[in-house]
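A.B. asks: The structure that follows is given in the form of structure tokens.
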There are 2 protein chains.
Amino acid sequence: MAAALKVGVAGLGTVGAAVVRILGERRDTLAASAGRPIHVTAVSARNRNRERKIDLGNVRWHDDPVSLAADDNVDLVVELIGGAEGPARDTVEAALKAGKSVVTANKALLSAHGMALAELAEEKNVALAFEAAVGGGIPIIKTLREALPGSQLSRVSGILNGTCNFILTKMEEDGLDFDTALSQAQALGYAEADPTFDIGGFDTAHKLSILTSLAFGTKIDADAIYVEGIQTISRLDIAMADELGFRIKLLGVATRADGGIEQRVHPAMVPRSDPLAQVMGVTNAVQISGSASDITLIGPGAGGDPTASAVIADIVDVSRGMIRQPFGIPVAQLATPRRAPIQTHEGGYYIRLDVVDLPGTAAAIATRMAEQQISLESILQKKPRAKAPAAASDKNTVPLVLITHATSESAVRRALMAVLADGHIQGAPQVIRIEKEK
Amino acid sequence: MAAALKVGVAGLGTVGAAVVRILGERRDTLAASAGRPIHVTAVSARNRNRERKIDLGNVRWHDDPVSLAADDNVDLVVELIGGAEGPARDTVEAALKAGKSVVTANKALLSAHGMALAELAEEKNVALAFEAAVGGGIPIIKTLREALPGSQLSRVSGILNGTCNFILTKMEEDGLDFDTALSQAQALGYAEADPTFDIGGFDTAHKLSILTSLAFGTKIDADAIYVEGIQTISRLDIAMADELGFRIKLLGVATRADGGIEQRVHPAMVPRSDPLAQVMGVTNAVQISGSASDITLIGPGAGGDPTASAVIADIVDVSRGMIRQPFGIPVAQLATPRRAPIQTHEGGYYIRLDVVDLPGTAAAIATRMAEQQISLESILQKKPRAKAPAAASDKNTVPLVLITHATSESAVRRALMAVLADGHIQGAPQVIRIEKEK
């Protein structure tokens, strides 16, 4: 059997500790899969004294992860520090420059610097592998990079953030409002003390930027992503969705159309019959549509063991010498995407307005829609029958919900500007895009 | 760019023609993915004159696929002939012996001779790749072989035959009986004139034998698979399943338990909330459960383009030199599985009996169950409210449905033998295993 692969693990949080533990527990099986033993020879973390329930007896400790990357006794660096800059970036760059393969779960780093890091990896002919960066235990990176070259992909979409899906699930199943559901997520460790990164859609956007690149053979273009979070979703929206046959999910969606690549992250009304609508709790899912086939992958989006499993799959690939360009083809061959801005998005819309309850208001609003050639599928002025509370900010308003046929984002925005100017509504309109099954 | 990979395609049915077509249509993209051009240089099929709508102008024709395998102008052989013996086997053996990589969709061949062929491939250090053999466009082989080394797998199960799932879907959605649904499947080209191979569960068994090997690191043991088809499923069973909160699906299931590896193919009662229950029509799906994560993959199980897409993914892997042992680890290291026979299976059961309608019959039957320590969750003697017809073979019988708590297959069989001996029922008992969510 070939010489052992010597692995250095930078970052010993839940995932890093699970990587070290599983590499030990499954030593023999992994050696068979990898064609050689895999040994953890070095680790690095901020706090040496934290109890991690793993044996680090024969492992060299580095206070500085960059020195771990330089350790002669390390062939491959696992970066689990996190963050787009600072030690994570320094460690990955140092490892690649030293001609060492890198396995990382760091979507923020890849979203910001993935192209430059991939070029560095290509130049050194080493791996920059990141199965764990998107979808935790779901093999979505390998699938997009290796499994679908015969299919011209047109769309990739998914539930990519377990925190948001947990909150939306709790709101629906237990009738909670957003803040209460968020508190529960925090209590269970699914959401950070500052949850902005998850609930604001930014984590999903990082992940989407990576999937878009792999799906369409384009350079990462994270700045082009339209991002909305789930903070404005109310119990009333959840109840209305239920009445209308939808579930609300925070989706990341990238589509390739004539106008270019459209990338967006926002809450969406998903028909209940769609597989994505049936994904509940912290589970993630990704749908890929292409000329040859449409597939859906479902699984745990986070967590120590699932994410560690993805890291280990990458380590085994490297140990076998299965080294590909990080984004499937050389970075130099990735196209620069034309951006299709959100204003050109076309689809159905759910629009909820708090309407001043005067005779003729609904008709006036409908007229504003008609002026923008927006065709309405339904108008619901009654309060929903579900247990939902009135969300109106004022006792003199009632919720009015419009469901549109396919129209453009810009038409919707123009119509709502006119409605706002008319003074018929209070507060901001709630606009949720409808994501129809193909 | 490196020299072109020269591909010979043996078998030009729907899939073979799609492979040739897509390799042409996506020539440039595939060259980028593959790191070199991929050229079809030779083909073979039984009928040279059939219209296939593909350009074979610069391609050498072989009447004999074995001579295609020997063609000096062929580096890699795609075998799409089908069948466990004869030309398919001869062609694959000839190619491997000549040191050429093989890509095949032939589950029957692999199920029967996969171990010997894999050893031959390993000896020659070439690929024997078969993503297209199971689950069409779903990357299930790559996932099991490469994506989950960090997870100790305990179970793989799935809907692996689109024909059966189409028939069961039609029976449920349109209230058809089995024969009518089968005729529709045949009219649409989803079922063969002789449908035994699909509806009898044998195709699913071939596929399951391959998945079992990959999931558990064991030698293929197709003879150990317990196989039942869907021919006995009646409209009444479908209606009862609906009433009880289940859907009936033909599943292939392999589990690793203390007693050994249990492999079985049979119709199963799947709770409607299970992702597998929501897979309708010709779509396939596979669930994988392991120590690190549980994932579900859904997609097209057959069809020209999806299957061709899987073939092409394998070709691209080979063209990049990504050659692994066919079953993930060397055949010599695959364990010989201990067989857990179906008699030791434990789970819930749906049992439908045509009962001679005499006072006390249900009680007598329940007593026979109790004698085998079988605990009943429910007994339904009424006819279902759905549109289902009486399935009883005699006007003097009524359907009696028993739902058991978890028990053993052997206990159920003993109890039913006693019930039959008592003369309380007409015809054979209908027994459908309940497949609970984990």
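Letters A, B, ... go to the chains of the structure tokens in the order shown; residues in each chain start at 1; ligands are counted from 1 in the same order.
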Over all C-alpha pairs taken in sequence order, what does chain B look like after a least-squares fit onto chain A? Please give it as a compact mmCIF listing (two decimals) with C-alpha atoms, in the first residue's frame.

C.D. replies:
```txt
# COMPACT_ATOMS: atom_id res chain seq x y z
CA MET B 1 0.03 0.03 0.10
CA ALA B 2 1.19 3.54 -0.71
CA ALA B 3 2.50 5.94 1.91
CA ALA B 4 -0.03 7.51 4.25
CA LEU B 5 -1.65 10.81 3.35
CA LYS B 6 -0.82 13.26 6.12
CA VAL B 7 -3.71 15.57 6.92
CA GLY B 8 -3.64 18.81 8.87
CA VAL B 9 -6.95 20.09 10.21
CA ALA B 10 -7.26 23.83 10.78
CA GLY B 11 -10.33 24.60 12.87
CA LEU B 12 -11.65 22.20 15.48
CA GLY B 13 -15.27 23.21 15.92
CA THR B 14 -18.08 20.70 15.54
CA VAL B 15 -17.10 19.78 11.99
CA GLY B 16 -13.33 19.71 12.55
CA ALA B 17 -13.68 17.50 15.61
CA ALA B 18 -15.99 15.16 13.67
CA VAL B 19 -13.46 14.93 10.84
CA VAL B 20 -10.69 13.92 13.24
CA ARG B 21 -12.97 11.47 15.05
CA ILE B 22 -14.33 9.76 11.92
CA LEU B 23 -10.88 9.53 10.30
CA GLY B 24 -9.89 7.58 13.41
CA GLU B 25 -13.01 5.46 13.77
CA ARG B 26 -13.09 4.44 10.12
CA ARG B 27 -9.34 4.19 9.64
CA ASP B 28 -9.31 0.75 8.00
CA THR B 29 -12.32 1.26 5.77
CA LEU B 30 -11.03 4.62 4.67
CA ALA B 31 -7.60 3.21 3.90
CA ALA B 32 -9.29 0.69 1.60
CA SER B 33 -11.34 3.42 -0.10
CA ALA B 34 -8.39 5.77 -0.33
CA GLY B 35 -5.83 3.21 -1.43
CA ARG B 36 -3.59 4.29 1.45
CA PRO B 37 -3.84 5.21 5.12
CA ILE B 38 -5.06 8.68 6.05
CA HIS B 39 -3.43 10.12 9.16
CA VAL B 40 -4.19 13.34 10.97
CA THR B 41 -0.73 14.67 11.76
CA ALA B 42 -1.45 18.26 12.77
CA VAL B 43 -4.30 20.42 14.01
CA SER B 44 -4.87 24.04 14.79
CA ALA B 45 -7.56 25.89 16.71
CA ARG B 46 -7.94 28.99 18.80
CA ASN B 47 -8.39 27.27 22.12
CA ARG B 48 -6.13 24.34 22.87
CA ASN B 49 -7.84 23.41 26.12
CA ARG B 50 -11.42 23.00 24.95
CA GLU B 51 -12.86 19.52 25.50
CA ARG B 52 -13.41 17.97 22.07
CA LYS B 53 -13.65 14.27 22.89
CA ILE B 54 -11.04 13.35 20.30
CA ASP B 55 -7.60 11.88 20.76
CA LEU B 56 -4.93 14.39 19.75
CA GLY B 57 -2.10 12.52 21.44
CA ASN B 58 0.12 11.96 18.40
CA VAL B 59 -0.92 15.10 16.60
CA ARG B 60 1.15 18.26 16.38
CA TRP B 61 -0.62 21.37 17.65
CA HIS B 62 -0.27 24.69 15.84
CA ASP B 63 -1.56 27.86 17.41
CA ASP B 64 -1.30 29.47 13.98
CA PRO B 65 -3.08 27.70 11.11
CA VAL B 66 -0.68 29.24 8.60
CA SER B 67 2.16 27.42 10.33
CA LEU B 68 0.09 24.22 10.07
CA ALA B 69 -0.12 24.81 6.33
CA ALA B 70 3.69 25.08 6.24
CA ASP B 71 4.24 21.95 8.37
CA ASP B 72 6.42 19.49 6.43
CA ASN B 73 4.46 16.71 8.02
CA VAL B 74 1.22 17.84 6.35
CA ASP B 75 0.34 16.86 2.74
CA LEU B 76 -3.23 18.13 2.70
CA VAL B 77 -4.84 20.97 4.64
CA VAL B 78 -8.45 20.87 5.79
CA GLU B 79 -9.63 24.43 6.35
CA LEU B 80 -12.60 24.69 8.71
CA ILE B 81 -11.90 28.10 10.21
CA GLY B 82 -14.50 30.02 8.24
CA GLY B 83 -14.74 33.58 7.01
CA ALA B 84 -13.81 35.15 3.69
CA GLU B 85 -10.66 36.85 4.97
CA GLY B 86 -8.10 36.56 7.76
CA PRO B 87 -6.71 33.23 8.97
CA ALA B 88 -8.92 31.10 6.69
CA ARG B 89 -7.81 32.85 3.53
CA ASP B 90 -4.19 33.05 4.69
CA THR B 91 -4.14 29.34 5.50
CA VAL B 92 -5.66 28.23 2.20
CA GLU B 93 -3.34 30.47 0.21
CA ALA B 94 -0.30 29.31 2.12
CA ALA B 95 -1.20 25.66 1.60
CA LEU B 96 -1.86 26.01 -2.13
CA LYS B 97 1.29 28.06 -2.65
CA ALA B 98 3.21 25.30 -0.90
CA GLY B 99 1.75 22.83 -3.41
CA LYS B 100 -0.57 21.17 -0.91
CA SER B 101 -4.14 20.19 -1.66
CA VAL B 102 -6.85 21.95 0.32
CA VAL B 103 -10.25 20.68 1.43
CA THR B 104 -12.55 23.37 2.76
CA ALA B 105 -16.13 23.94 3.87
CA ASN B 106 -15.76 27.69 3.55
CA LYS B 107 -18.43 29.05 1.23
CA ALA B 108 -17.74 32.66 2.18
CA LEU B 109 -14.10 32.31 1.15
CA LEU B 110 -14.98 30.56 -2.11
CA SER B 111 -17.72 33.02 -2.94
CA ALA B 112 -15.30 35.93 -2.52
CA HIS B 113 -12.00 34.45 -3.72
CA GLY B 114 -12.87 31.12 -5.33
CA MET B 115 -11.62 32.04 -8.78
CA ALA B 116 -8.21 33.23 -7.62
CA LEU B 117 -7.78 30.26 -5.29
CA ALA B 118 -8.85 27.82 -8.00
CA GLU B 119 -6.31 29.31 -10.39
CA LEU B 120 -3.64 28.88 -7.76
CA ALA B 121 -4.64 25.25 -7.25
CA GLU B 122 -4.59 24.64 -11.01
CA GLU B 123 -1.16 26.25 -11.31
CA LYS B 124 0.18 23.94 -8.60
CA ASN B 125 -1.77 20.94 -9.90
CA VAL B 126 -3.30 20.30 -6.49
CA ALA B 127 -6.88 20.00 -5.35
CA LEU B 128 -9.10 22.72 -3.95
CA ALA B 129 -12.09 20.63 -2.93
CA PHE B 130 -15.22 21.96 -1.26
CA GLU B 131 -18.00 19.39 -1.17
CA ALA B 132 -18.75 20.48 2.41
CA ALA B 133 -19.24 24.12 1.45
CA VAL B 134 -22.75 23.62 0.07
CA GLY B 135 -25.50 21.32 1.26
CA GLY B 136 -23.54 19.58 4.04
CA GLY B 137 -23.97 15.85 3.52
CA ILE B 138 -25.58 16.17 0.07
CA PRO B 139 -23.06 15.42 -2.70
CA ILE B 140 -24.13 18.42 -4.72
CA ILE B 141 -20.66 19.67 -5.69
CA LYS B 142 -19.57 16.29 -7.03
CA THR B 143 -22.86 15.92 -8.84
CA LEU B 144 -22.61 19.28 -10.59
CA ARG B 145 -18.89 18.96 -11.31
CA GLU B 146 -18.75 15.34 -12.46
CA ALA B 147 -22.13 13.75 -13.00
CA LEU B 148 -23.85 15.95 -15.56
CA PRO B 149 -21.46 16.84 -18.39
CA GLY B 150 -23.88 15.34 -20.90
CA SER B 151 -26.68 17.70 -19.89
CA GLN B 152 -27.00 21.38 -20.78
CA LEU B 153 -28.14 22.77 -17.45
CA SER B 154 -30.79 25.46 -17.39
CA ARG B 155 -31.59 25.86 -13.72
CA VAL B 156 -30.32 25.04 -10.27
CA SER B 157 -32.40 25.87 -7.23
CA GLY B 158 -32.56 24.81 -3.68
CA ILE B 159 -33.15 25.13 0.00
CA LEU B 160 -29.57 25.82 1.05
CA ASN B 161 -29.93 27.16 4.58
CA GLY B 162 -31.24 24.88 7.31
CA THR B 163 -31.77 27.70 9.79
CA CYS B 164 -34.26 29.46 7.55
CA ASN B 165 -36.05 26.27 6.64
CA PHE B 166 -36.33 25.35 10.30
CA ILE B 167 -37.83 28.75 11.14
CA LEU B 168 -40.32 28.61 8.27
CA THR B 169 -41.26 25.04 9.20
CA LYS B 170 -41.86 26.02 12.83
CA MET B 171 -43.95 29.01 11.77
CA GLU B 172 -46.13 26.74 9.66
CA GLU B 173 -46.38 23.70 11.89
CA ASP B 174 -46.68 25.42 15.25
CA GLY B 175 -48.28 28.69 14.15
CA LEU B 176 -45.40 30.71 15.57
CA ASP B 177 -44.48 34.22 14.54
CA PHE B 178 -41.07 34.84 13.07
CA ASP B 179 -39.41 36.12 16.26
CA THR B 180 -40.57 33.16 18.35
CA ALA B 181 -39.47 30.65 15.72
CA LEU B 182 -36.10 32.38 15.51
CA SER B 183 -35.70 32.19 19.30
CA GLN B 184 -36.41 28.45 19.17
CA ALA B 185 -33.82 28.02 16.42
CA GLN B 186 -31.30 29.89 18.56
CA ALA B 187 -32.13 27.80 21.64
CA LEU B 188 -31.53 24.63 19.63
CA GLY B 189 -28.24 25.90 18.24
CA TYR B 190 -29.56 26.14 14.69
CA ALA B 191 -29.19 29.91 14.61
CA GLU B 192 -26.40 32.20 15.76
CA ALA B 193 -26.83 34.90 18.39
CA ASP B 194 -26.58 37.32 15.47
CA PRO B 195 -28.68 35.47 12.91
CA THR B 196 -28.43 38.06 10.13
CA PHE B 197 -26.11 35.99 7.99
CA ASP B 198 -28.58 33.12 7.80
CA ILE B 199 -31.98 34.80 7.92
CA GLY B 200 -30.89 37.64 5.66
CA GLY B 201 -30.17 35.16 2.87
CA PHE B 202 -26.44 35.86 2.70
CA ASP B 203 -25.34 32.31 3.52
CA THR B 204 -27.67 31.02 0.80
CA ALA B 205 -26.21 33.57 -1.63
CA HIS B 206 -22.65 32.41 -0.95
CA LYS B 207 -23.66 28.84 -1.65
CA LEU B 208 -25.69 29.75 -4.71
CA SER B 209 -22.76 31.62 -6.24
CA ILE B 210 -20.73 28.40 -6.13
CA LEU B 211 -23.52 26.24 -7.56
CA THR B 212 -24.12 28.74 -10.37
CA SER B 213 -20.49 28.59 -11.43
CA LEU B 214 -20.46 24.80 -11.50
CA ALA B 215 -23.83 24.51 -13.22
CA PHE B 216 -23.23 26.98 -16.01
CA GLY B 217 -19.45 26.98 -16.41
CA THR B 218 -19.26 30.65 -15.50
CA LYS B 219 -17.03 32.63 -13.17
CA ILE B 220 -18.40 33.16 -9.68
CA ASP B 221 -20.38 36.38 -9.67
CA ALA B 222 -21.68 36.73 -6.14
CA ASP B 223 -22.25 40.48 -6.46
CA ALA B 224 -24.88 39.83 -9.09
CA ILE B 225 -27.12 37.89 -6.73
CA TYR B 226 -30.38 39.54 -5.70
CA VAL B 227 -30.83 38.77 -1.99
CA GLU B 228 -33.88 39.00 0.26
CA GLY B 229 -34.20 37.31 3.65
CA ILE B 230 -37.12 35.83 5.52
CA GLN B 231 -37.46 38.49 8.22
CA THR B 232 -40.62 39.99 6.78
CA ILE B 233 -42.52 36.70 6.48
CA SER B 234 -45.55 36.87 8.75
CA ARG B 235 -47.88 34.25 10.15
CA LEU B 236 -50.48 35.68 7.82
CA ASP B 237 -48.27 34.99 4.79
CA ILE B 238 -47.72 31.43 5.97
CA ALA B 239 -51.45 30.94 6.46
CA MET B 240 -52.29 32.48 3.09
CA ALA B 241 -49.70 30.26 1.41
CA ASP B 242 -51.37 27.26 2.99
CA GLU B 243 -54.77 28.37 1.75
CA LEU B 244 -53.46 28.91 -1.74
CA GLY B 245 -51.69 25.53 -2.00
CA PHE B 246 -48.13 26.76 -1.46
CA ARG B 247 -45.39 26.59 1.13
CA ILE B 248 -43.01 29.48 1.69
CA LYS B 249 -39.34 28.46 1.34
CA LEU B 250 -36.17 30.52 1.19
CA LEU B 251 -34.76 29.50 -2.17
CA GLY B 252 -31.55 30.16 -3.99
CA VAL B 253 -32.27 30.04 -7.71
CA ALA B 254 -29.99 30.40 -10.71
CA THR B 255 -31.35 30.17 -14.22
CA ARG B 256 -29.78 30.51 -17.63
CA ALA B 257 -31.98 32.47 -20.00
CA ASP B 258 -31.52 34.52 -23.15
CA GLY B 259 -30.84 37.61 -21.12
CA GLY B 260 -28.03 35.98 -19.16
CA ILE B 261 -27.64 34.29 -15.81
CA GLU B 262 -30.29 35.20 -13.24
CA GLN B 263 -29.26 34.58 -9.63
CA ARG B 264 -31.62 35.29 -6.77
CA VAL B 265 -32.21 34.43 -3.13
CA HIS B 266 -35.61 35.17 -1.64
CA PRO B 267 -38.62 33.63 0.05
CA ALA B 268 -40.73 31.93 -2.57
CA MET B 269 -44.20 30.46 -2.82
CA VAL B 270 -43.56 26.85 -3.81
CA PRO B 271 -46.48 24.62 -4.88
CA ARG B 272 -47.04 21.96 -2.22
CA SER B 273 -46.63 19.20 -4.80
CA ASP B 274 -43.09 20.31 -5.61
CA PRO B 275 -40.43 18.14 -3.93
CA LEU B 276 -38.82 21.28 -2.49
CA ALA B 277 -42.06 22.16 -0.70
CA GLN B 278 -41.90 18.87 1.15
CA VAL B 279 -38.46 19.51 2.61
CA MET B 280 -38.99 20.44 6.26
CA GLY B 281 -36.84 21.42 9.22
CA VAL B 282 -33.09 21.81 8.85
CA THR B 283 -32.97 19.56 5.78
CA ASN B 284 -31.59 20.98 2.54
CA ALA B 285 -32.42 20.11 -1.05
CA VAL B 286 -31.22 21.01 -4.51
CA GLN B 287 -32.97 20.63 -7.86
CA ILE B 288 -31.01 20.58 -11.08
CA SER B 289 -32.75 20.94 -14.44
CA GLY B 290 -31.05 20.22 -17.71
CA SER B 291 -31.48 19.07 -21.27
CA ALA B 292 -30.90 15.44 -20.38
CA SER B 293 -32.56 15.11 -16.99
CA ASP B 294 -33.96 16.80 -13.92
CA ILE B 295 -32.80 15.54 -10.55
CA THR B 296 -33.40 16.39 -6.91
CA LEU B 297 -31.00 15.73 -4.04
CA ILE B 298 -32.20 15.92 -0.43
CA GLY B 299 -30.24 15.59 2.79
CA PRO B 300 -28.78 17.24 5.86
CA GLY B 301 -27.50 20.71 5.09
CA ALA B 302 -25.33 21.12 8.13
CA GLY B 303 -24.22 19.38 11.30
CA GLY B 304 -20.92 17.90 12.37
CA ASP B 305 -21.10 14.40 10.97
CA PRO B 306 -22.78 15.14 7.62
CA THR B 307 -20.39 17.99 6.89
CA ALA B 308 -17.41 15.93 8.07
CA SER B 309 -18.56 13.16 5.74
CA ALA B 310 -18.35 15.57 2.81
CA VAL B 311 -14.86 16.70 3.92
CA ILE B 312 -13.74 13.08 4.12
CA ALA B 313 -15.08 12.27 0.65
CA ASP B 314 -12.88 15.05 -0.69
CA ILE B 315 -9.87 13.78 1.28
CA VAL B 316 -10.34 10.29 -0.16
CA ASP B 317 -10.55 11.69 -3.69
CA VAL B 318 -7.28 13.55 -3.17
CA SER B 319 -5.63 10.53 -1.62
CA ARG B 320 -6.47 8.57 -4.78
CA GLY B 321 -4.97 11.26 -6.97
CA MET B 322 -8.39 12.22 -8.32
CA ILE B 323 -7.54 15.87 -8.72
CA ARG B 324 -9.74 17.96 -10.97
CA GLN B 325 -9.90 21.63 -11.66
CA PRO B 326 -11.91 22.97 -8.71
CA PHE B 327 -14.74 24.25 -10.89
CA GLY B 328 -14.73 21.35 -13.33
CA ILE B 329 -12.92 23.15 -16.14
CA PRO B 330 -9.96 25.53 -15.96
CA VAL B 331 -10.83 28.92 -14.50
CA ALA B 332 -9.49 30.49 -17.68
CA GLN B 333 -12.22 28.67 -19.62
CA LEU B 334 -15.06 29.73 -17.31
CA ALA B 335 -17.24 32.28 -19.08
CA THR B 336 -17.86 35.70 -17.64
CA PRO B 337 -21.60 35.62 -17.05
CA ARG B 338 -23.94 38.17 -18.51
CA ARG B 339 -26.14 39.30 -15.65
CA ALA B 340 -29.91 39.11 -15.92
CA PRO B 341 -31.01 41.58 -13.24
CA ILE B 342 -33.95 40.87 -10.95
CA GLN B 343 -35.97 43.57 -12.73
CA THR B 344 -36.20 41.30 -15.76
CA HIS B 345 -37.36 38.30 -13.70
CA GLU B 346 -40.63 36.90 -14.96
CA GLY B 347 -43.03 34.85 -12.91
CA GLY B 348 -46.12 34.94 -10.76
CA TYR B 349 -46.30 37.09 -7.65
CA TYR B 350 -48.04 36.96 -4.29
CA ILE B 351 -48.65 40.53 -3.16
CA ARG B 352 -50.09 41.27 0.28
CA LEU B 353 -51.18 44.81 1.04
CA ASP B 354 -52.62 46.34 4.18
CA VAL B 355 -55.46 48.20 2.60
CA VAL B 356 -57.33 51.11 4.05
CA ASP B 357 -60.81 49.67 4.08
CA LEU B 358 -62.72 52.03 1.84
CA PRO B 359 -65.19 51.08 -0.85
CA GLY B 360 -63.48 50.89 -4.21
CA THR B 361 -59.94 50.38 -2.90
CA ALA B 362 -59.54 46.90 -4.30
CA ALA B 363 -60.82 48.11 -7.65
CA ALA B 364 -58.38 51.03 -7.63
CA ILE B 365 -55.49 48.71 -6.86
CA ALA B 366 -56.56 46.27 -9.57
CA THR B 367 -56.61 49.16 -12.00
CA ARG B 368 -53.01 50.05 -11.13
CA MET B 369 -52.06 46.47 -11.86
CA ALA B 370 -53.92 46.50 -15.17
CA GLU B 371 -52.10 49.66 -16.20
CA GLN B 372 -48.88 47.63 -16.05
CA GLN B 373 -50.43 44.75 -18.03
CA ILE B 374 -50.40 42.61 -14.90
CA SER B 375 -53.08 39.96 -15.09
CA LEU B 376 -54.49 38.81 -11.76
CA GLU B 377 -55.21 35.18 -11.06
CA SER B 378 -57.04 35.98 -7.83
CA ILE B 379 -57.80 38.69 -5.31
CA LEU B 380 -58.50 37.68 -1.71
CA GLN B 381 -59.88 40.33 0.56
CA LYS B 382 -61.29 38.12 3.28
CA LYS B 383 -59.13 37.21 6.22
CA PRO B 384 -57.80 33.70 5.95
CA ARG B 385 -59.75 31.05 7.77
CA ALA B 386 -56.65 29.68 9.43
CA LYS B 387 -55.54 30.52 12.93
CA ALA B 388 -53.56 33.43 11.55
CA PRO B 389 -53.76 36.71 13.38
CA ALA B 390 -54.42 40.03 11.82
CA ALA B 391 -51.09 41.35 10.63
CA ALA B 392 -52.43 44.74 9.78
CA SER B 393 -50.60 47.57 11.40
CA ASP B 394 -53.77 49.50 11.99
CA LYS B 395 -57.29 48.56 12.92
CA ASN B 396 -58.61 50.36 9.91
CA THR B 397 -56.82 48.18 7.40
CA VAL B 398 -57.52 44.71 6.06
CA PRO B 399 -55.16 42.40 4.26
CA LEU B 400 -55.65 42.22 0.52
CA VAL B 401 -53.80 39.47 -1.30
CA LEU B 402 -53.22 39.49 -5.04
CA ILE B 403 -51.94 36.52 -7.00
CA THR B 404 -50.67 37.49 -10.42
CA HIS B 405 -50.17 35.50 -13.57
CA ALA B 406 -46.65 35.56 -14.97
CA THR B 407 -45.43 39.11 -15.28
CA SER B 408 -42.17 40.97 -14.89
CA GLU B 409 -40.58 42.20 -11.69
CA SER B 410 -40.33 45.70 -13.09
CA ALA B 411 -44.04 45.81 -13.90
CA VAL B 412 -44.85 44.74 -10.35
CA ARG B 413 -42.58 47.39 -8.92
CA ARG B 414 -44.10 50.13 -11.09
CA ALA B 415 -47.62 49.09 -10.15
CA LEU B 416 -46.82 49.05 -6.44
CA MET B 417 -45.20 52.48 -6.64
CA ALA B 418 -48.44 53.78 -8.08
CA VAL B 419 -50.50 52.03 -5.40
CA LEU B 420 -48.31 53.51 -2.67
CA ALA B 421 -48.62 56.94 -4.20
CA ASP B 422 -52.41 56.59 -4.21
CA GLY B 423 -52.33 56.25 -0.41
CA HIS B 424 -54.58 53.22 -0.37
CA ILE B 425 -52.27 51.07 1.73
CA GLN B 426 -50.39 51.26 4.98
CA GLY B 427 -46.86 50.01 5.46
CA ALA B 428 -44.74 48.32 2.84
CA PRO B 429 -46.25 45.83 0.40
CA GLN B 430 -45.27 42.23 0.97
CA VAL B 431 -44.10 40.72 -2.31
CA ILE B 432 -43.27 36.99 -2.56
CA ARG B 433 -42.33 35.47 -5.90
CA ILE B 434 -44.14 32.31 -6.94
CA GLU B 435 -41.79 29.55 -8.03
CA LYS B 436 -43.77 27.28 -10.32
CA GLU B 437 -42.82 23.75 -11.16
CA LYS B 438 -41.35 23.58 -14.61
```

A.B. asks: Can you pull out every residue from region 241-349 of chain A that DSSP, working from the backbone, puts in strand (DSSP E), and format the result as JSON, numbers by chain?

C.D. replies: {"A": [246, 247, 248, 249, 250, 251, 252, 253, 254, 255, 256, 257, 260, 261, 262, 263, 264, 265, 266, 267, 268, 269, 270, 271, 283, 284, 285, 286, 287, 288, 289, 290, 294, 295, 296, 297, 298, 299, 300, 346, 347, 348, 349]}
